[in-house]
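> Enclosed is the structure file run.cif (mmCIF, C-alpha atoms).
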data_run
#
loop_
_atom_site.label_atom_id
_atom_site.label_comp_id
_atom_site.auth_asym_id
_atom_site.auth_seq_id
_atom_site.Cartn_x
_atom_site.Cartn_y
_atom_site.Cartn_z
CA MET A 118 54.20 -29.62 -1.08
CA ASP A 119 52.93 -32.13 1.44
CA PHE A 120 51.62 -35.28 -0.23
CA LYS A 121 50.39 -36.86 2.99
CA LEU A 122 46.74 -37.77 2.75
CA ASP A 123 44.42 -35.47 4.66
CA GLU A 124 41.68 -36.85 6.92
CA GLU A 125 39.08 -37.12 4.16
CA GLN A 126 41.51 -38.82 1.79
CA GLN A 127 42.54 -41.25 4.53
CA ALA A 128 38.85 -42.01 5.08
CA VAL A 129 38.45 -42.74 1.36
CA ARG A 130 41.45 -45.09 1.48
CA GLU A 131 40.22 -46.88 4.60
CA LEU A 132 36.71 -47.29 3.17
CA ALA A 133 38.02 -48.60 -0.15
CA ARG A 134 40.58 -50.92 1.45
CA GLY A 135 38.04 -52.30 3.90
CA ILE A 136 35.62 -53.18 1.08
CA LEU A 137 38.21 -54.48 -1.35
CA GLU A 138 40.11 -56.68 1.09
CA LYS A 139 36.83 -58.20 2.19
CA GLU A 140 35.34 -58.71 -1.27
CA VAL A 141 38.39 -59.58 -3.40
CA ASP A 142 40.85 -62.37 -2.69
CA HIS A 143 42.75 -64.96 -4.69
CA GLU A 144 40.01 -67.57 -4.49
CA HIS A 145 37.34 -65.10 -5.57
CA LEU A 146 39.41 -64.06 -8.58
CA LYS A 147 40.01 -67.70 -9.51
CA GLN A 148 36.26 -68.31 -9.48
CA LEU A 149 35.65 -65.34 -11.77
CA GLU A 150 38.37 -66.54 -14.15
CA ALA A 151 36.94 -70.07 -14.19
CA ALA A 152 33.57 -68.60 -15.14
CA GLY A 153 35.17 -66.56 -17.94
CA GLU A 154 34.31 -63.27 -16.26
CA ASP A 155 36.61 -60.26 -16.38
CA PHE A 156 34.13 -57.84 -14.76
CA ASP A 157 33.16 -58.30 -11.11
CA ARG A 158 29.65 -56.88 -11.25
CA GLU A 159 28.93 -57.60 -7.59
CA LEU A 160 32.02 -55.66 -6.52
CA TRP A 161 31.04 -52.81 -8.85
CA ALA A 162 27.62 -52.66 -7.21
CA THR A 163 29.19 -52.73 -3.74
CA LEU A 164 31.49 -49.82 -4.64
CA ALA A 165 28.47 -47.94 -5.93
CA ARG A 166 26.52 -48.47 -2.70
CA ALA A 167 29.51 -47.15 -0.75
CA GLY A 168 29.55 -44.02 -2.91
CA LEU A 169 33.02 -44.73 -4.28
CA LEU A 170 31.99 -44.73 -7.95
CA GLY A 171 30.92 -41.13 -7.50
CA LEU A 172 34.08 -39.94 -5.73
CA ALA A 173 34.98 -37.34 -8.37
CA ILE A 174 31.44 -36.61 -9.57
CA PRO A 175 29.72 -33.38 -8.38
CA GLU A 176 27.27 -33.73 -5.54
CA GLU A 177 24.40 -32.31 -7.61
CA HIS A 178 24.68 -35.38 -9.83
CA GLY A 179 24.80 -37.90 -7.00
CA GLY A 180 28.54 -37.95 -6.38
CA MET A 181 30.79 -37.06 -3.44
CA GLY A 182 32.32 -33.98 -5.06
CA TYR A 183 35.99 -34.87 -4.62
CA GLY A 184 38.69 -34.61 -7.28
CA LEU A 185 41.39 -36.48 -9.15
CA VAL A 186 43.66 -37.02 -6.14
CA GLU A 187 40.90 -38.82 -4.23
CA LEU A 188 40.11 -40.83 -7.35
CA CYS A 189 43.77 -41.87 -7.53
CA VAL A 190 43.56 -42.97 -3.88
CA LEU A 191 40.76 -45.33 -4.94
CA ALA A 192 42.72 -46.40 -8.04
CA GLN A 193 45.72 -47.37 -5.92
CA GLU A 194 43.53 -49.50 -3.67
CA LEU A 195 41.99 -51.20 -6.70
CA GLY A 196 45.51 -51.97 -7.90
CA ARG A 197 46.40 -53.58 -4.56
CA VAL A 198 43.78 -56.29 -5.14
CA VAL A 199 43.96 -56.24 -8.98
CA ALA A 200 40.20 -55.72 -8.95
CA PRO A 201 38.55 -56.67 -12.28
CA VAL A 202 36.43 -53.54 -12.65
CA PRO A 203 36.45 -50.84 -15.39
CA ALA A 204 37.44 -48.00 -13.06
CA LEU A 205 40.13 -46.56 -15.33
CA ALA A 206 37.83 -46.14 -18.32
CA THR A 207 34.58 -45.35 -16.50
CA LEU A 208 35.72 -43.21 -13.57
CA ALA A 209 39.12 -41.69 -14.35
CA MET A 210 38.34 -40.96 -18.00
CA GLY A 211 34.63 -41.22 -18.78
CA ALA A 212 33.11 -39.62 -15.69
CA THR A 213 35.88 -37.03 -15.46
CA ALA A 214 35.36 -35.99 -19.08
CA ILE A 215 31.59 -35.70 -18.75
CA SER A 216 31.85 -33.85 -15.41
CA SER A 217 34.37 -31.35 -16.80
CA PHE A 218 33.12 -30.82 -20.34
CA GLY A 219 29.60 -32.23 -20.66
CA SER A 220 26.47 -30.20 -21.24
CA ASN A 221 23.82 -30.13 -18.53
CA GLU A 222 21.84 -32.69 -20.49
CA GLN A 223 24.85 -35.01 -20.84
CA LYS A 224 25.69 -34.72 -17.15
CA GLN A 225 22.13 -35.38 -16.03
CA LYS A 226 21.83 -38.38 -18.32
CA TRP A 227 25.09 -40.16 -17.45
CA LEU A 228 26.62 -39.06 -14.16
CA PRO A 229 23.87 -40.32 -11.81
CA ARG A 230 23.92 -43.67 -13.61
CA ILE A 231 27.69 -43.95 -13.22
CA CYS A 232 27.40 -43.16 -9.51
CA ALA A 233 24.76 -45.87 -9.12
CA GLY A 234 26.88 -48.45 -10.96
CA GLU A 235 24.28 -48.64 -13.72
CA ALA A 236 26.47 -47.39 -16.58
CA VAL A 237 29.92 -48.41 -17.77
CA VAL A 238 31.88 -46.04 -19.99
CA ALA A 239 34.61 -47.19 -22.38
CA VAL A 240 37.09 -44.92 -24.13
CA ALA A 241 38.15 -45.73 -27.71
CA MET A 242 41.71 -44.58 -27.18
CA ALA A 243 44.65 -46.45 -28.70
CA ARG A 244 47.98 -46.73 -26.92
CA GLY A 245 49.55 -44.38 -29.48
CA ALA A 246 47.07 -41.69 -28.50
CA TRP A 247 48.24 -41.87 -24.88
CA THR A 248 51.29 -39.78 -25.72
CA ARG A 249 51.20 -36.06 -26.29
CA GLU A 250 52.67 -36.62 -29.75
CA GLY A 251 50.01 -39.19 -30.63
CA ARG A 252 46.83 -38.55 -32.61
CA ALA A 253 43.48 -40.18 -32.33
CA PRO A 254 43.27 -42.89 -35.02
CA LEU A 255 39.64 -42.04 -35.75
CA THR A 256 38.43 -39.14 -37.89
CA ALA A 257 35.34 -36.94 -37.72
CA THR A 258 33.96 -35.03 -40.68
CA PRO A 259 30.92 -32.73 -40.78
CA ASP A 260 27.79 -34.48 -41.97
CA PRO A 261 25.83 -32.59 -44.68
CA ASN A 262 22.62 -33.27 -42.78
CA GLY A 263 24.05 -31.99 -39.50
CA GLY A 264 26.20 -33.63 -36.87
CA TRP A 265 29.32 -35.64 -37.57
CA THR A 266 30.47 -38.81 -39.31
CA LEU A 267 33.05 -40.93 -37.50
CA SER A 268 35.29 -43.45 -39.22
CA GLY A 269 38.35 -45.55 -38.42
CA GLU A 270 39.53 -48.34 -36.21
CA VAL A 271 41.22 -48.49 -32.82
CA SER A 272 42.45 -51.56 -30.95
CA LEU A 273 43.16 -52.59 -27.35
CA VAL A 274 40.11 -50.81 -25.95
CA GLN A 275 39.12 -51.76 -22.41
CA ALA A 276 35.53 -52.46 -21.34
CA ALA A 277 34.01 -51.77 -24.77
CA GLY A 278 32.02 -55.01 -24.75
CA ILE A 279 30.30 -54.22 -21.45
CA SER A 280 29.92 -50.48 -22.00
CA ASP A 281 26.71 -48.50 -22.09
CA LEU A 282 28.52 -45.50 -23.55
CA LEU A 283 31.59 -45.21 -25.76
CA LEU A 284 33.70 -42.08 -25.53
CA VAL A 285 35.32 -41.64 -28.94
CA PRO A 286 38.27 -39.28 -29.58
CA ALA A 287 38.50 -38.32 -33.25
CA CYS A 288 40.68 -35.97 -35.29
CA MET A 289 38.68 -33.38 -37.17
CA GLY A 290 38.86 -33.94 -40.91
CA ARG A 291 39.26 -31.42 -43.70
CA GLY A 292 36.72 -28.69 -43.93
CA SER A 293 35.86 -28.81 -40.25
CA GLU A 294 36.37 -26.03 -37.75
CA GLY A 295 38.51 -28.24 -35.54
CA GLY A 296 41.68 -27.56 -37.48
CA GLY A 297 43.01 -31.09 -36.99
CA ASN A 298 42.45 -31.12 -33.22
CA ALA A 299 41.04 -34.17 -31.47
CA ALA A 300 37.48 -33.86 -30.20
CA LEU A 301 35.46 -36.24 -28.03
CA PHE A 302 32.11 -37.73 -28.98
CA LEU A 303 29.56 -39.73 -27.00
CA VAL A 304 28.60 -42.79 -29.02
CA ASP A 305 26.10 -45.59 -28.42
CA PRO A 306 28.05 -48.91 -28.61
CA ALA A 307 25.01 -50.49 -30.29
CA CYS A 308 24.70 -47.88 -33.04
CA ARG A 309 24.72 -48.75 -36.72
CA GLY A 310 28.16 -48.94 -38.31
CA LEU A 311 30.02 -49.71 -35.08
CA GLN A 312 31.58 -53.14 -34.66
CA LEU A 313 33.41 -54.65 -31.67
CA THR A 314 35.86 -57.55 -31.94
CA GLY A 315 37.12 -58.95 -28.65
CA ALA A 316 40.20 -60.94 -27.66
CA ARG A 317 41.66 -62.07 -24.34
CA SER A 318 44.82 -60.45 -23.03
CA ALA A 319 47.47 -62.22 -20.95
CA THR A 320 45.68 -61.07 -17.79
CA GLY A 321 42.41 -62.64 -18.94
CA GLU A 322 40.84 -59.25 -19.59
CA ARG A 323 38.89 -58.78 -22.81
CA LEU A 324 40.29 -56.05 -25.04
CA TYR A 325 38.40 -54.88 -28.10
CA THR A 326 39.02 -53.57 -31.57
CA VAL A 327 36.47 -50.83 -32.22
CA SER A 328 35.64 -50.24 -35.88
CA LEU A 329 33.50 -47.31 -36.99
CA ASP A 330 32.22 -47.28 -40.56
CA SER A 331 30.63 -43.88 -41.24
CA VAL A 332 28.94 -43.73 -37.85
CA THR A 333 26.71 -40.67 -37.64
CA VAL A 334 26.39 -38.76 -34.37
CA ALA A 335 24.36 -35.66 -33.59
CA GLU A 336 25.81 -32.24 -32.83
CA GLN A 337 24.80 -32.60 -29.18
CA ASP A 338 26.95 -35.73 -28.91
CA LEU A 339 30.11 -33.63 -29.19
CA LEU A 340 31.67 -33.30 -25.74
CA GLY A 341 32.94 -29.87 -24.79
CA GLY A 342 33.05 -28.26 -28.23
CA LEU A 343 35.62 -28.34 -31.01
CA GLN A 344 38.25 -26.18 -29.35
CA SER A 345 38.00 -27.64 -25.85
CA ARG A 346 40.81 -29.49 -24.07
CA ALA A 347 38.53 -32.45 -23.42
CA PHE A 348 40.77 -34.94 -25.23
CA ASP A 349 43.97 -33.77 -23.48
CA ARG A 350 42.34 -33.68 -20.06
CA THR A 351 40.74 -37.10 -20.45
CA ARG A 352 44.01 -38.67 -21.58
CA ASP A 353 46.02 -37.05 -18.76
CA CYS A 354 43.56 -38.11 -16.05
CA GLY A 355 43.66 -41.64 -17.40
CA LEU A 356 47.45 -41.65 -17.32
CA ALA A 357 47.57 -40.33 -13.75
CA ALA A 358 45.07 -42.96 -12.59
CA SER A 359 46.99 -45.69 -14.43
CA CYS A 360 50.17 -44.71 -12.56
CA ALA A 361 48.21 -44.89 -9.29
CA ILE A 362 46.91 -48.37 -10.14
CA GLN A 363 50.45 -49.50 -10.96
CA THR A 364 51.63 -48.12 -7.62
CA GLY A 365 48.98 -50.19 -5.85
CA VAL A 366 49.91 -53.34 -7.78
CA SER A 367 53.60 -52.86 -6.97
CA GLU A 368 52.96 -51.94 -3.34
CA LYS A 369 51.10 -55.18 -2.73
CA ALA A 370 53.73 -57.21 -4.60
CA VAL A 371 56.43 -55.76 -2.33
CA GLU A 372 54.38 -56.54 0.79
CA MET A 373 53.79 -60.12 -0.34
CA THR A 374 57.48 -60.59 -1.12
CA ALA A 375 58.64 -59.12 2.18
CA ALA A 376 56.36 -61.53 4.03
CA TYR A 377 57.53 -64.49 1.94
CA VAL A 378 61.28 -63.92 2.38
CA SER A 379 60.73 -63.48 6.12
CA GLU A 380 59.13 -66.92 6.35
CA ARG A 381 60.92 -68.99 3.69
CA GLN A 382 63.77 -70.94 5.28
CA GLN A 383 67.03 -71.92 3.59
CA PHE A 384 70.18 -73.22 5.32
CA GLY A 385 68.36 -72.94 8.61
CA ARG A 386 67.53 -69.24 8.35
CA PRO A 387 64.97 -67.01 6.56
CA ILE A 388 66.13 -66.08 3.06
CA GLY A 389 65.29 -62.49 3.92
CA SER A 390 68.38 -62.46 6.13
CA PHE A 391 70.72 -62.92 3.15
CA GLN A 392 72.53 -59.81 1.93
CA ALA A 393 71.55 -60.31 -1.71
CA VAL A 394 67.88 -60.39 -0.74
CA HIS A 395 68.38 -57.28 1.42
CA HIS A 396 69.72 -55.42 -1.61
CA ARG A 397 66.92 -56.60 -3.90
CA MET A 398 64.21 -55.58 -1.43
CA ALA A 399 65.90 -52.22 -0.83
CA ASP A 400 65.86 -51.58 -4.58
CA CYS A 401 62.14 -52.42 -4.62
CA TYR A 402 61.52 -49.94 -1.83
CA VAL A 403 63.33 -47.15 -3.70
CA ASP A 404 61.40 -47.92 -6.89
CA LEU A 405 58.08 -48.01 -5.05
CA GLU A 406 58.62 -44.69 -3.29
CA SER A 407 59.72 -43.09 -6.56
CA MET A 408 56.57 -44.39 -8.24
CA ARG A 409 54.40 -43.20 -5.39
CA TRP A 410 55.62 -39.63 -5.12
CA THR A 411 55.93 -38.91 -8.82
CA ALA A 412 52.40 -40.26 -9.34
CA TRP A 413 50.99 -38.09 -6.55
CA ARG A 414 52.78 -34.99 -7.86
CA ALA A 415 51.33 -35.43 -11.35
CA ALA A 416 47.83 -36.09 -9.99
CA TRP A 417 48.03 -33.08 -7.65
CA LEU A 418 49.10 -30.73 -10.45
CA LEU A 419 46.27 -31.95 -12.67
CA ALA A 420 43.78 -31.58 -9.82
CA GLU A 421 44.98 -27.99 -9.36
CA GLY A 422 44.39 -27.28 -13.03
CA ARG A 423 48.09 -26.79 -13.74
CA ASP A 424 50.22 -28.12 -16.58
CA ALA A 425 51.59 -31.54 -15.70
CA ALA A 426 53.12 -32.59 -19.03
CA ARG A 427 56.62 -33.26 -17.74
CA GLU A 428 55.46 -34.57 -14.39
CA LEU A 429 53.33 -37.15 -16.20
CA MET A 430 56.35 -38.21 -18.26
CA VAL A 431 58.34 -38.68 -15.06
CA ALA A 432 55.49 -40.54 -13.35
CA ARG A 433 55.02 -42.79 -16.38
CA HIS A 434 58.75 -43.49 -16.52
CA TRP A 435 58.79 -44.64 -12.89
CA SER A 436 55.52 -46.52 -13.32
CA ALA A 437 57.00 -48.51 -16.20
CA GLU A 438 60.59 -48.86 -14.98
CA GLY A 439 59.88 -49.27 -11.28
CA GLY A 440 56.86 -51.47 -11.88
CA ALA A 441 58.84 -53.80 -14.14
CA ARG A 442 61.74 -54.09 -11.68
CA ILE A 443 59.45 -54.75 -8.73
CA ALA A 444 57.44 -57.37 -10.63
CA SER A 445 60.63 -59.12 -11.72
CA ALA A 446 62.21 -59.00 -8.26
CA ALA A 447 59.05 -60.26 -6.57
CA GLN A 448 58.82 -63.19 -8.95
CA HIS A 449 62.53 -64.06 -8.63
CA LEU A 450 62.51 -63.92 -4.83
CA HIS A 451 59.47 -66.19 -4.75
CA ALA A 452 61.30 -68.64 -7.05
CA GLY A 453 58.91 -71.30 -8.37
CA MET A 454 56.04 -69.94 -6.29
CA GLY A 455 56.18 -66.77 -8.35
CA VAL A 456 54.81 -68.49 -11.45
CA ASP A 457 52.41 -70.88 -9.73
CA THR A 458 48.86 -69.94 -10.66
CA ASP A 459 47.65 -71.41 -7.37
CA TYR A 460 49.60 -68.64 -5.66
CA PRO A 461 48.44 -65.02 -6.14
CA LEU A 462 51.73 -63.34 -7.10
CA TYR A 463 51.60 -64.27 -10.79
CA ARG A 464 48.50 -62.12 -11.21
CA TYR A 465 50.40 -59.05 -10.00
CA PHE A 466 53.23 -59.72 -12.45
CA LEU A 467 50.80 -59.94 -15.39
CA ASN A 468 48.87 -56.83 -14.38
CA SER A 469 52.08 -54.87 -13.87
CA LYS A 470 53.25 -55.73 -17.39
CA ALA A 471 49.84 -54.86 -18.86
CA LEU A 472 49.92 -51.44 -17.17
CA GLU A 473 53.47 -50.85 -18.39
CA LEU A 474 52.47 -51.59 -21.98
CA GLY A 475 49.26 -49.60 -21.72
CA THR A 476 50.82 -46.34 -20.56
CA GLY A 477 54.08 -46.48 -22.51
CA SER A 478 57.60 -47.74 -21.95
CA ALA A 479 60.10 -46.02 -19.69
CA ALA A 480 62.44 -45.38 -22.65
CA ALA A 481 59.66 -43.63 -24.57
CA GLN A 482 59.00 -41.31 -21.61
CA LEU A 483 62.68 -40.42 -21.28
CA ALA A 484 62.85 -39.66 -25.00
CA ALA A 485 59.74 -37.45 -24.81
CA LEU A 486 61.08 -35.66 -21.73
CA GLY A 487 64.43 -35.07 -23.46
CA ARG A 488 62.69 -33.55 -26.49
CA SER A 489 60.63 -31.30 -24.23
CA LEU A 490 63.70 -30.03 -22.39
CA ALA A 491 65.61 -29.53 -25.65
CA ASP A 492 62.73 -27.59 -27.19
CA GLU A 493 62.54 -25.36 -24.13
CA ALA A 494 66.30 -24.70 -24.24
CA SER A 495 66.11 -23.85 -27.93
CA GLY A 496 63.22 -21.47 -27.28
CA ASN A 497 65.15 -19.73 -24.49
CA ASP A 498 68.19 -19.36 -26.78
CA ARG A 499 66.07 -17.76 -29.48
CA GLN A 500 64.57 -15.33 -26.97
CA GLU A 501 68.00 -14.34 -25.66
CA LYS A 502 69.33 -13.74 -29.20
CA ALA A 503 66.27 -11.67 -30.07
#
Please express the file's structure as structure tokens.

Amino acid sequence: MDFKLDEEQQAVRELARGILEKEVDHEHLKQLEAAGEDFDRELWATLARAGLLGLAIPEEHGGMGYGLVELCVLAQELGRVVAPVPALATLAMGATAISSFGSNEQKQKWLPRICAGEAVVAVAMARGAWTREGRAPLTATPDPNGGWTLSGEVSLVQAAGISDLLLVPACMGRGSEGGGNAALFLVDPACRGLQLTGARSATGERLYTVSLDSVTVAEQDLLGGLQSRAFDRTRDCGLAASCAIQTGVSEKAVEMTAAYVSERQQFGRPIGSFQAVHHRMADCYVDLESMRWTAWRAAWLLAEGRDAARELMVARHWSAEGGARIASAAQHLHAGMGVDTDYPLYRYFLNSKALELGTGSAAAQLAALGRSLADEASGNDRQEKA
């Protein structure tokens, strides 16, 4: 496999980087924070005009017709500038789910609006549901009058307060045809029985608790049918994009640190010339490359329609472990500057930790990978004995 970007992917990266480096800098982000804003609407509109919000949306619905790999290229660039936009929820999860599993009516209603930057999609998915062992904390039961009734509560939901559409994963209750599987529903955030409670995270982003009290949705609001893999696919695409964002955050943190230790003088020489700093930066490089290539492998397998369960575990492990080590090293090598809010590095540290918590710890991924390998070995033993 050759994970070098082809010409079209390089063009996507160059277009995204050119826009983002021009539109997003430390001073701009400070102004947004001072105004209490965690969504850069002007940047979102600029990305829409450039066609980047429709990267992975079919051309017949106003998009560019690319796939998950190209979307992860954009995600990495967004991570490099820690752009305050709901790309993970709206593009990697919402648009991907509707493009892959939506009815013609659902696609025609939502995809052109997402491309134009006119619709934000949030996904009511708890952190526990981001693992293959996890279940959606919401339940869906058949409504006697037709459709479905959704109930439950899920916390730490991104972009719910600014969303035009809420994508709700719910486990099918007793008596339904779903057999306990998780299905996806399209829900109006303003519907009766749905309540949002917001709180600020350490990064300044608003995260929401979404409570559904017997919310009724129509049959046509079910996305992809009861037996579809819509939930699994949506979760996996979100995880792959999250690893790409973390790679971008870490890549920029390494670049900033390399520049700083080359310029910062101590004992009459740059601190980057000291052996201890050499070793720390070399470790960062190894972590970053491990994050990069495991993330691309998982995204490529998903884009090819192949199983990427273990590859996602590996990518998530490196995203969490490598991201944490790089964030810590960058802050330590910057010394006091690393925690100064007038200097941009602190923002990368906070976003790196938020991404680590959002996609699962490194230890959890190793444990899940170990169980997977053990189960496979046990299955092979049983087959050999039979």
> Which is closest to Glu154 in chain A among A:Arg230, A:Arg166, A:His178, A:Arg317, if we use all atoms listed in the file?
A:Arg317
> For a test of reading the model, state the distance in Å between CA of Ala432 in chain A and CA of Thr411 in chain A, rounded to one decimal.
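Interatomic distance, CA of Ala432 in chain A to CA of Thr411 in chain A: 4.8 Å.
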> Using all atoms listed in the file, determine which residues lie at most 6 Å from range 192-198 of chain A, disregarding the query and same-chain residues fewer than 3 positions distant; provide the list as a PDB file with C-alpha atoms, in the frame of the given file.

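New file part_4.pdb:
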ATOM      1  CA  CYS A 189      43.770 -41.870  -7.530  1.00  0.00           C
ATOM      2  CA  ALA A 361      48.210 -44.890  -9.290  1.00  0.00           C
ATOM      3  CA  ILE A 362      46.910 -48.370 -10.140  1.00  0.00           C
ATOM      4  CA  GLY A 365      48.980 -50.190  -5.850  1.00  0.00           C
ATOM      5  CA  VAL A 366      49.910 -53.340  -7.780  1.00  0.00           C
ATOM      6  CA  LYS A 369      51.100 -55.180  -2.730  1.00  0.00           C
TER       7      LYS A 369
END
> Using all atoms listed in the file, which of A:Asp305, A:Ala277, A:Gln337, A:Ala209 sits nearest Gly264 in chain A?
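When distances to Gly264 in chain A are compared using all atoms listed in the file, the smallest one comes from A:Gln337.
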> Identify all residues satisfying the PyMOL selection byres ((chain A and resi 400) around 12) in the given file; provide them as a short mmCIF file (atom, residue, chain, number, x, y, z; two decimals) with C-alpha atoms, in the coordinates of the input.

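File produced: result27.cif:
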data_model
loop_
_atom_site.label_atom_id
_atom_site.label_comp_id
_atom_site.auth_asym_id
_atom_site.auth_seq_id
_atom_site.Cartn_x
_atom_site.Cartn_y
_atom_site.Cartn_z
CA VAL A 371 56.43 -55.76 -2.33
CA ALA A 393 71.55 -60.31 -1.71
CA VAL A 394 67.88 -60.39 -0.74
CA HIS A 395 68.38 -57.28 1.42
CA HIS A 396 69.72 -55.42 -1.61
CA ARG A 397 66.92 -56.60 -3.90
CA MET A 398 64.21 -55.58 -1.43
CA ALA A 399 65.90 -52.22 -0.83
CA CYS A 401 62.14 -52.42 -4.62
CA TYR A 402 61.52 -49.94 -1.83
CA VAL A 403 63.33 -47.15 -3.70
CA ASP A 404 61.40 -47.92 -6.89
CA LEU A 405 58.08 -48.01 -5.05
CA GLU A 406 58.62 -44.69 -3.29
CA SER A 407 59.72 -43.09 -6.56
CA GLU A 438 60.59 -48.86 -14.98
CA GLY A 439 59.88 -49.27 -11.28
CA GLY A 440 56.86 -51.47 -11.88
CA ARG A 442 61.74 -54.09 -11.68
CA ILE A 443 59.45 -54.75 -8.73
CA ALA A 444 57.44 -57.37 -10.63
CA SER A 445 60.63 -59.12 -11.72
CA ALA A 446 62.21 -59.00 -8.26
CA ALA A 447 59.05 -60.26 -6.57
#
> Take the structure in the block and write a file for range 350-397 of chain A, C-alpha atoms, as an mmCIF file, in the first residue's frame.

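Result went into part-v4.cif, see below:
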data_model
loop_
_atom_site.group_PDB
_atom_site.id
_atom_site.type_symbol
_atom_site.label_atom_id
_atom_site.label_comp_id
_atom_site.auth_asym_id
_atom_site.auth_seq_id
_atom_site.Cartn_x
_atom_site.Cartn_y
_atom_site.Cartn_z
ATOM 1 C CA ARG A 350 -20.366 2.877 9.721
ATOM 2 C CA THR A 351 -21.156 6.280 11.197
ATOM 3 C CA ARG A 352 -19.203 5.526 14.372
ATOM 4 C CA ASP A 353 -16.189 4.165 12.465
ATOM 5 C CA CYS A 354 -16.018 7.137 10.091
ATOM 6 C CA GLY A 355 -16.176 9.468 13.072
ATOM 7 C CA LEU A 356 -13.340 7.609 14.776
ATOM 8 C CA ALA A 357 -11.161 7.680 11.649
ATOM 9 C CA ALA A 358 -11.741 11.416 11.210
ATOM 10 C CA SER A 359 -11.035 12.037 14.897
ATOM 11 C CA CYS A 360 -7.659 10.275 14.539
ATOM 12 C CA ALA A 361 -6.926 12.487 11.524
ATOM 13 C CA ILE A 362 -7.789 15.637 13.478
ATOM 14 C CA GLN A 363 -5.517 14.504 16.320
ATOM 15 C CA THR A 364 -2.726 13.921 13.802
ATOM 16 C CA GLY A 365 -3.123 17.488 12.560
ATOM 17 C CA VAL A 366 -3.121 18.902 16.095
ATOM 18 C CA SER A 367 0.024 16.941 16.977
ATOM 19 C CA GLU A 368 1.764 17.725 13.696
ATOM 20 C CA LYS A 369 1.401 21.451 14.265
ATOM 21 C CA ALA A 370 2.481 21.142 17.912
ATOM 22 C CA VAL A 371 5.681 19.384 16.790
ATOM 23 C CA GLU A 372 6.364 22.067 14.170
ATOM 24 C CA MET A 373 5.860 24.858 16.706
ATOM 25 C CA THR A 374 8.130 23.129 19.213
ATOM 26 C CA ALA A 375 10.876 22.463 16.666
ATOM 27 C CA ALA A 376 10.864 26.151 15.730
ATOM 28 C CA TYR A 377 10.899 27.239 19.374
ATOM 29 C CA VAL A 378 13.832 25.053 20.492
ATOM 30 C CA SER A 379 15.792 26.219 17.448
ATOM 31 C CA GLU A 380 15.414 29.845 18.507
ATOM 32 C CA ARG A 381 15.368 29.728 22.323
ATOM 33 C CA GLN A 382 18.856 30.389 23.675
ATOM 34 C CA GLN A 383 20.322 28.981 26.893
ATOM 35 C CA PHE A 384 24.001 29.023 27.913
ATOM 36 C CA GLY A 385 24.772 30.801 24.676
ATOM 37 C CA ARG A 386 23.306 28.168 22.353
ATOM 38 C CA PRO A 387 19.846 27.063 21.118
ATOM 39 C CA ILE A 388 18.233 24.586 23.504
ATOM 40 C CA GLY A 389 17.513 22.417 20.481
ATOM 41 C CA SER A 390 21.217 21.580 20.386
ATOM 42 C CA PHE A 391 21.060 19.792 23.758
ATOM 43 C CA GLN A 392 21.012 15.998 23.650
ATOM 44 C CA ALA A 393 18.005 15.674 25.957
ATOM 45 C CA VAL A 394 15.966 17.902 23.642
ATOM 46 C CA HIS A 395 17.167 15.878 20.632
ATOM 47 C CA HIS A 396 15.818 12.716 22.251
ATOM 48 C CA ARG A 397 12.487 14.298 23.182
#
